[in-house]
Amino acid sequence: MLGLGAQVPVHEMAAQLRRHFADYVDQTAHWQPAPWRSAVVWVAELPMLPLLRELLTADRLPAWIQADPHLQDVVRDSREARRAALARTRWSPLIAAWNQGLPLRAGWLAHWRTLWPGGAGAHGDALEHLQRRVQAHVDRMAGASDDNGSPAREALARVLLRFFRRYDQQPAATFAHLGLIALDLERLRGEVAERVLFKGVEAP
């Protein structure tokens, strides 16, 4: 059980969901052929991108980040010191991309590609196709308002489901499956956060 409820602070709830997703990704990786495990494990870092961006850009970190026990090694007073600390962690490929002026998402994607085993062949072609389709939907979702973001997520879920079925027992199916799990957790986070934030507010 996730142990989520209206009594759990929003930021702690989000941290629990990130840990749950990371655990699920790790379990999934153990079922994959050895050459693909590192690429699968890297998917667990995707939910960290907004948090890492906060660490890299904020002049003053919010209290909930400073109190996070999993980030104590990188919490510093200045952005420059945080960047240097992050460069010594597993997120170093992302920081290298950031230092080159690239978005963290681009850094994540570039490193993910380096983790594909040599000679990926048709598996690589399927992943390229999946990446292009997902990227188009993510860009669309980024420009959506809170009112119309849900249909965009549902459209992305349909794309991922098609890939999951089309590439059964192939790497593309694994990554599509993890994408579906991430979308479910994002939806759950939104629903629980709404209950927490509006706890005690009576409907009109």
# chains A, B, ... in the order shown; residues from 1 in each chain; ligands from 1

$ residues_around --residues "region 15-29 of chain A" --least-positions-apart "3" --cutoff "7 Å" --atoms "only C-alpha atoms" --output "PyMOL selection string"
chain A and resi 11-12+32+37+40-41+44+47+185

$ residues_around --residues "Leu52 (chain A)" --least-positions-apart "6" --cutoff "10 Å" --atoms "only C-alpha atoms" --output "MDAnalysis selection string"
chainID A and resid 45 71 74 82:83 86 91 94:95 104

$ atom_distance --atom1 "CA of Ile181 (chain A)" --atom2 "CA of Pro103 (chain A)"
23.8 Å

$ select_by_dssp --residues "region 1-200 of chain A" --states "helix (DSSP H, G or I)" --output "PyMOL selection string"
chain A and resi 10-30+34-57+63-66+69-71+79-86+92-99+104-114+122-142+149-166+171-197

$ closest_residue --among "A:Trp36, A:Trp64, A:Phe163, A:Phe175" --to "Trp116 (chain A)" --atoms "only C-alpha atoms"
A:Trp36

$ residues_around --residues "Thr174 (chain A)" --least-positions-apart "4" --cutoff "9 Å" --atoms "only C-alpha atoms" --output "short mmCIF file (atom, residue, chain, number, x, y, z; two decimals) with all heavy atoms, in the first residue's frame"
data_model
loop_
_atom_site.label_atom_id
_atom_site.label_comp_id
_atom_site.auth_asym_id
_atom_site.auth_seq_id
_atom_site.Cartn_x
_atom_site.Cartn_y
_atom_site.Cartn_z
N THR A 28 11.00 -4.21 -12.57
CA THR A 28 10.83 -4.49 -14.00
C THR A 28 12.17 -4.78 -14.67
O THR A 28 12.28 -5.67 -15.53
CB THR A 28 10.14 -3.30 -14.69
OG1 THR A 28 8.88 -3.05 -14.06
CG2 THR A 28 9.92 -3.58 -16.17
N GLN A 32 14.25 -8.07 -17.35
CA GLN A 32 14.69 -7.78 -18.72
C GLN A 32 16.00 -8.50 -19.04
O GLN A 32 16.77 -8.86 -18.14
CB GLN A 32 14.90 -6.27 -18.89
CG GLN A 32 13.70 -5.43 -18.52
CD GLN A 32 12.43 -5.90 -19.18
OE1 GLN A 32 12.39 -6.03 -20.41
NE2 GLN A 32 11.39 -6.14 -18.40
N VAL A 40 16.53 0.48 -18.73
CA VAL A 40 15.25 0.44 -18.01
C VAL A 40 15.38 1.16 -16.67
O VAL A 40 14.52 1.97 -16.30
CB VAL A 40 14.79 -1.03 -17.81
CG1 VAL A 40 13.56 -1.08 -16.91
CG2 VAL A 40 14.50 -1.68 -19.15
N PHE A 164 2.64 -1.06 -26.56
CA PHE A 164 2.76 -2.21 -25.67
C PHE A 164 2.24 -3.48 -26.35
O PHE A 164 2.84 -4.55 -26.23
CB PHE A 164 1.97 -1.93 -24.38
CG PHE A 164 2.00 -3.07 -23.40
CD1 PHE A 164 3.15 -3.37 -22.69
CD2 PHE A 164 0.87 -3.84 -23.20
CE1 PHE A 164 3.17 -4.42 -21.79
CE2 PHE A 164 0.89 -4.90 -22.30
CZ PHE A 164 2.04 -5.19 -21.59
N TYR A 167 4.53 -4.36 -29.83
CA TYR A 167 5.90 -4.84 -29.63
C TYR A 167 5.99 -5.78 -28.43
O TYR A 167 6.92 -5.69 -27.63
CB TYR A 167 6.86 -3.66 -29.48
CG TYR A 167 6.93 -2.81 -30.72
CD1 TYR A 167 6.24 -1.60 -30.80
CD2 TYR A 167 7.68 -3.22 -31.81
CE1 TYR A 167 6.31 -0.81 -31.93
CE2 TYR A 167 7.76 -2.44 -32.96
CZ TYR A 167 7.06 -1.24 -33.02
OH TYR A 167 7.12 -0.47 -34.16
N ASP A 168 5.06 -6.67 -28.33
CA ASP A 168 5.01 -7.61 -27.22
C ASP A 168 6.34 -8.34 -27.05
O ASP A 168 6.92 -8.82 -28.03
CB ASP A 168 3.88 -8.62 -27.48
CG ASP A 168 3.71 -9.61 -26.34
OD1 ASP A 168 3.84 -9.20 -25.17
OD2 ASP A 168 3.46 -10.79 -26.63
N GLN A 169 6.83 -8.41 -25.79
CA GLN A 169 8.07 -9.10 -25.43
C GLN A 169 9.30 -8.48 -26.10
O GLN A 169 10.31 -9.16 -26.30
CB GLN A 169 7.98 -10.59 -25.77
CG GLN A 169 6.86 -11.30 -25.02
CD GLN A 169 6.85 -12.80 -25.26
OE1 GLN A 169 7.85 -13.37 -25.65
NE2 GLN A 169 5.71 -13.42 -25.02
N GLN A 170 9.22 -7.19 -26.42
CA GLN A 170 10.36 -6.45 -26.94
C GLN A 170 10.63 -5.25 -26.03
O GLN A 170 9.76 -4.85 -25.25
CB GLN A 170 10.08 -5.96 -28.37
CG GLN A 170 9.88 -7.09 -29.37
CD GLN A 170 9.69 -6.56 -30.78
OE1 GLN A 170 10.35 -5.61 -31.19
NE2 GLN A 170 8.78 -7.16 -31.52
N LEU A 178 6.10 1.06 -18.75
CA LEU A 178 6.52 1.97 -17.69
C LEU A 178 5.92 3.36 -17.88
O LEU A 178 5.61 4.05 -16.90
CB LEU A 178 8.05 2.04 -17.64
CG LEU A 178 8.75 0.76 -17.19
CD1 LEU A 178 10.28 0.92 -17.29
CD2 LEU A 178 8.34 0.39 -15.77
N GLY A 179 5.75 3.76 -19.13
CA GLY A 179 5.08 5.03 -19.39
C GLY A 179 3.64 5.02 -18.91
O GLY A 179 3.16 6.01 -18.34
#

$ residues_around --residues "Arg76 (chain A)" --least-positions-apart "4" --cutoff "10 Å" --atoms "only C-alpha atoms" --output "number ranges by chain"
A: 55, 60-61, 66, 71-72, 80-85

$ write_last_selection --atoms "all heavy atoms" --output "short mmCIF file (atom, residue, chain, number, x, y, z; two decimals), in the first residue's frame"
data_model
loop_
_atom_site.label_atom_id
_atom_site.label_comp_id
_atom_site.auth_asym_id
_atom_site.auth_seq_id
_atom_site.Cartn_x
_atom_site.Cartn_y
_atom_site.Cartn_z
N LEU A 55 16.47 22.49 -8.03
CA LEU A 55 17.79 22.57 -7.38
C LEU A 55 18.76 23.41 -8.19
O LEU A 55 19.62 24.10 -7.63
CB LEU A 55 18.35 21.16 -7.19
CG LEU A 55 17.72 20.32 -6.07
CD1 LEU A 55 18.05 18.85 -6.26
CD2 LEU A 55 18.19 20.81 -4.71
N ARG A 60 16.59 30.32 -3.64
CA ARG A 60 16.42 29.80 -2.27
C ARG A 60 15.53 28.57 -2.34
O ARG A 60 14.42 28.63 -2.86
CB ARG A 60 15.79 30.87 -1.37
CG ARG A 60 15.61 30.42 0.08
CD ARG A 60 15.00 31.54 0.91
NE ARG A 60 14.72 31.11 2.27
CZ ARG A 60 15.62 31.06 3.24
NH1 ARG A 60 16.87 31.44 2.99
NH2 ARG A 60 15.31 30.65 4.45
N LEU A 61 16.01 27.47 -1.81
CA LEU A 61 15.26 26.23 -1.88
C LEU A 61 14.10 26.24 -0.90
O LEU A 61 14.25 26.71 0.24
CB LEU A 61 16.17 25.04 -1.57
CG LEU A 61 17.27 24.73 -2.57
CD1 LEU A 61 18.15 23.61 -2.04
CD2 LEU A 61 16.68 24.36 -3.92
N GLN A 66 14.82 21.12 1.33
CA GLN A 66 15.91 21.10 2.29
C GLN A 66 15.76 19.98 3.31
O GLN A 66 16.76 19.46 3.82
CB GLN A 66 15.98 22.45 3.01
CG GLN A 66 16.27 23.63 2.09
CD GLN A 66 16.37 24.93 2.84
OE1 GLN A 66 17.06 25.02 3.85
NE2 GLN A 66 15.70 25.96 2.36
N LEU A 71 18.03 14.07 -0.44
CA LEU A 71 18.70 15.14 -1.18
C LEU A 71 19.73 15.88 -0.33
O LEU A 71 20.27 16.90 -0.75
CB LEU A 71 17.66 16.14 -1.71
CG LEU A 71 16.66 15.58 -2.73
CD1 LEU A 71 15.62 16.63 -3.07
CD2 LEU A 71 17.38 15.12 -3.99
N GLN A 72 19.98 15.37 0.87
CA GLN A 72 20.89 16.07 1.77
C GLN A 72 22.28 16.27 1.18
O GLN A 72 22.96 17.25 1.48
CB GLN A 72 20.99 15.31 3.10
CG GLN A 72 19.72 15.36 3.93
CD GLN A 72 19.29 16.79 4.25
OE1 GLN A 72 20.02 17.54 4.87
NE2 GLN A 72 18.10 17.16 3.77
N GLU A 80 25.34 27.44 -7.79
CA GLU A 80 26.61 26.93 -8.29
C GLU A 80 27.09 25.75 -7.46
O GLU A 80 27.58 24.74 -8.00
CB GLU A 80 27.66 28.04 -8.28
CG GLU A 80 27.41 29.16 -9.28
CD GLU A 80 26.27 30.09 -8.86
OE1 GLU A 80 25.87 30.04 -7.66
OE2 GLU A 80 25.77 30.84 -9.72
N ALA A 81 26.94 25.85 -6.14
CA ALA A 81 27.38 24.76 -5.27
C ALA A 81 26.49 23.54 -5.46
O ALA A 81 26.97 22.40 -5.43
CB ALA A 81 27.35 25.22 -3.80
N ARG A 82 25.20 23.75 -5.68
CA ARG A 82 24.30 22.63 -5.93
C ARG A 82 24.65 21.94 -7.24
O ARG A 82 24.64 20.71 -7.34
CB ARG A 82 22.85 23.12 -5.98
CG ARG A 82 22.23 23.40 -4.63
CD ARG A 82 20.82 23.92 -4.80
NE ARG A 82 20.67 25.20 -4.13
CZ ARG A 82 20.02 26.24 -4.60
NH1 ARG A 82 19.43 26.17 -5.78
NH2 ARG A 82 19.94 27.35 -3.91
N ARG A 83 24.95 22.73 -8.26
CA ARG A 83 25.31 22.15 -9.55
C ARG A 83 26.57 21.29 -9.42
O ARG A 83 26.64 20.18 -9.97
CB ARG A 83 25.55 23.26 -10.57
CG ARG A 83 25.85 22.75 -11.97
CD ARG A 83 26.14 23.89 -12.93
NE ARG A 83 25.04 24.85 -13.00
CZ ARG A 83 25.04 25.92 -13.79
NH1 ARG A 83 26.08 26.16 -14.57
NH2 ARG A 83 24.02 26.74 -13.79
N ALA A 84 27.54 21.78 -8.69
CA ALA A 84 28.77 21.01 -8.49
C ALA A 84 28.50 19.73 -7.72
O ALA A 84 29.05 18.67 -8.04
CB ALA A 84 29.80 21.87 -7.75
N ALA A 85 27.63 19.81 -6.71
CA ALA A 85 27.30 18.61 -5.93
C ALA A 85 26.54 17.60 -6.79
O ALA A 85 26.80 16.39 -6.72
CB ALA A 85 26.48 19.00 -4.71
#

$ closest_residue --among "A:Gly124, A:Pro50, A:Pro151, A:Pro171" --to "Arg105 (chain A)" --atoms "only C-alpha atoms"
A:Pro50

$ atom_distance --atom1 "CA of Ala14 (chain A)" --atom2 "CA of Gln100 (chain A)"
29.2 Å

$ residues_around --residues "Asp59 (chain A)" --least-positions-apart "2" --cutoff "9 Å" --atoms "only C-alpha atoms" --output "list in words"
Leu55, Leu56, Thr57, Leu61, Asp77, Ser78 and Arg79 of chain A

$ residues_around --residues "Ala110 (chain A)" --least-positions-apart "2" --cutoff "12 Å" --atoms "only C-alpha atoms" --output "PyMOL selection string"
chain A and resi 39+42+93-94+96-98+102-108+112-116+128+131

$ write_last_selection --atoms "C-alpha atoms" --output "PDB file, in the first residue's frame"
ATOM      1  CA  ALA A  39      18.318   1.591 -19.936  1.00  0.00           C
ATOM      2  CA  TRP A  42      17.318   5.025 -16.058  1.00  0.00           C
ATOM      3  CA  PRO A  93      24.796  13.137 -17.355  1.00  0.00           C
ATOM      4  CA  LEU A  94      21.884  15.513 -16.792  1.00  0.00           C
ATOM      5  CA  ALA A  96      26.555  17.887 -18.127  1.00  0.00           C
ATOM      6  CA  ALA A  97      23.695  18.547 -20.562  1.00  0.00           C
ATOM      7  CA  TRP A  98      22.449  21.444 -18.415  1.00  0.00           C
ATOM      8  CA  LEU A 102      20.269  21.846 -22.899  1.00  0.00           C
ATOM      9  CA  PRO A 103      17.028  21.049 -21.045  1.00  0.00           C
ATOM     10  CA  LEU A 104      17.223  18.255 -18.498  1.00  0.00           C
ATOM     11  CA  ARG A 105      14.771  16.225 -20.575  1.00  0.00           C
ATOM     12  CA  ALA A 106      17.170  16.358 -23.534  1.00  0.00           C
ATOM     13  CA  GLY A 107      19.990  15.259 -21.252  1.00  0.00           C
ATOM     14  CA  TRP A 108      17.926  12.361 -19.970  1.00  0.00           C
ATOM     15  CA  TRP A 112      19.138   6.860 -22.294  1.00  0.00           C
ATOM     16  CA  ARG A 113      20.238   6.284 -25.874  1.00  0.00           C
ATOM     17  CA  THR A 114      23.811   5.583 -24.747  1.00  0.00           C
ATOM     18  CA  LEU A 115      22.449   2.793 -22.541  1.00  0.00           C
ATOM     19  CA  TRP A 116      20.924   0.872 -25.438  1.00  0.00           C
ATOM     20  CA  GLU A 128      13.019   5.739 -31.944  1.00  0.00           C
ATOM     21  CA  GLN A 131      10.301   8.321 -28.524  1.00  0.00           C
TER      22      GLN A 131
END

$ decode --residues "region 6-65 of chain A" --atoms "C-alpha atoms" --output "short mmCIF file (atom, residue, chain, number, x, y, z; two decimals), in the first residue's frame"
data_model
loop_
_atom_site.label_atom_id
_atom_site.label_comp_id
_atom_site.auth_asym_id
_atom_site.auth_seq_id
_atom_site.Cartn_x
_atom_site.Cartn_y
_atom_site.Cartn_z
CA ALA A 6 -5.54 13.58 3.13
CA GLN A 7 -3.27 13.68 6.18
CA VAL A 8 -0.11 13.30 4.07
CA PRO A 9 1.53 16.60 2.98
CA VAL A 10 1.50 17.09 -0.78
CA HIS A 11 5.29 17.07 -1.14
CA GLU A 12 5.64 13.90 0.96
CA MET A 13 2.93 12.27 -1.12
CA ALA A 14 4.83 13.14 -4.31
CA ALA A 15 8.04 11.73 -2.80
CA GLN A 16 6.26 8.48 -1.91
CA LEU A 17 5.00 8.13 -5.47
CA ARG A 18 8.49 8.74 -6.86
CA ARG A 19 9.89 6.03 -4.58
CA HIS A 20 7.08 3.66 -5.54
CA PHE A 21 7.79 4.23 -9.24
CA ALA A 22 11.54 3.75 -8.75
CA ASP A 23 10.92 0.46 -6.94
CA TYR A 24 8.60 -0.70 -9.73
CA VAL A 25 11.14 0.24 -12.41
CA ASP A 26 13.85 -1.66 -10.53
CA GLN A 27 11.65 -4.76 -10.30
CA THR A 28 10.83 -4.49 -14.00
CA ALA A 29 14.52 -4.20 -14.89
CA HIS A 30 15.26 -7.52 -13.19
CA TRP A 31 12.93 -9.23 -15.67
CA GLN A 32 14.69 -7.78 -18.72
CA PRO A 33 17.58 -9.24 -20.71
CA ALA A 34 20.82 -8.13 -19.03
CA PRO A 35 21.93 -5.79 -21.88
CA TRP A 36 18.75 -3.69 -21.49
CA ARG A 37 18.61 -3.39 -17.70
CA SER A 38 20.58 -0.15 -17.40
CA ALA A 39 18.32 1.59 -19.94
CA VAL A 40 15.25 0.44 -18.01
CA VAL A 41 16.64 1.54 -14.64
CA TRP A 42 17.32 5.02 -16.06
CA VAL A 43 13.55 5.51 -16.53
CA ALA A 44 13.23 5.88 -12.74
CA GLU A 45 14.98 9.26 -12.99
CA LEU A 46 12.30 10.86 -15.17
CA PRO A 47 10.07 11.96 -12.24
CA MET A 48 13.13 13.61 -10.69
CA LEU A 49 13.59 16.11 -13.53
CA PRO A 50 11.32 18.86 -12.10
CA LEU A 51 13.00 18.50 -8.71
CA LEU A 52 16.48 18.67 -10.23
CA ARG A 53 15.49 21.76 -12.17
CA GLU A 54 14.41 23.39 -8.91
CA LEU A 55 17.79 22.57 -7.38
CA LEU A 56 19.57 24.07 -10.38
CA THR A 57 17.54 27.28 -10.73
CA ALA A 58 16.11 28.31 -7.35
CA ASP A 59 17.82 31.17 -5.52
CA ARG A 60 16.42 29.80 -2.27
CA LEU A 61 15.26 26.23 -1.88
CA PRO A 62 11.83 25.57 -0.38
CA ALA A 63 11.83 24.01 3.08
CA TRP A 64 10.47 20.68 1.86
CA ILE A 65 13.46 20.16 -0.44
#
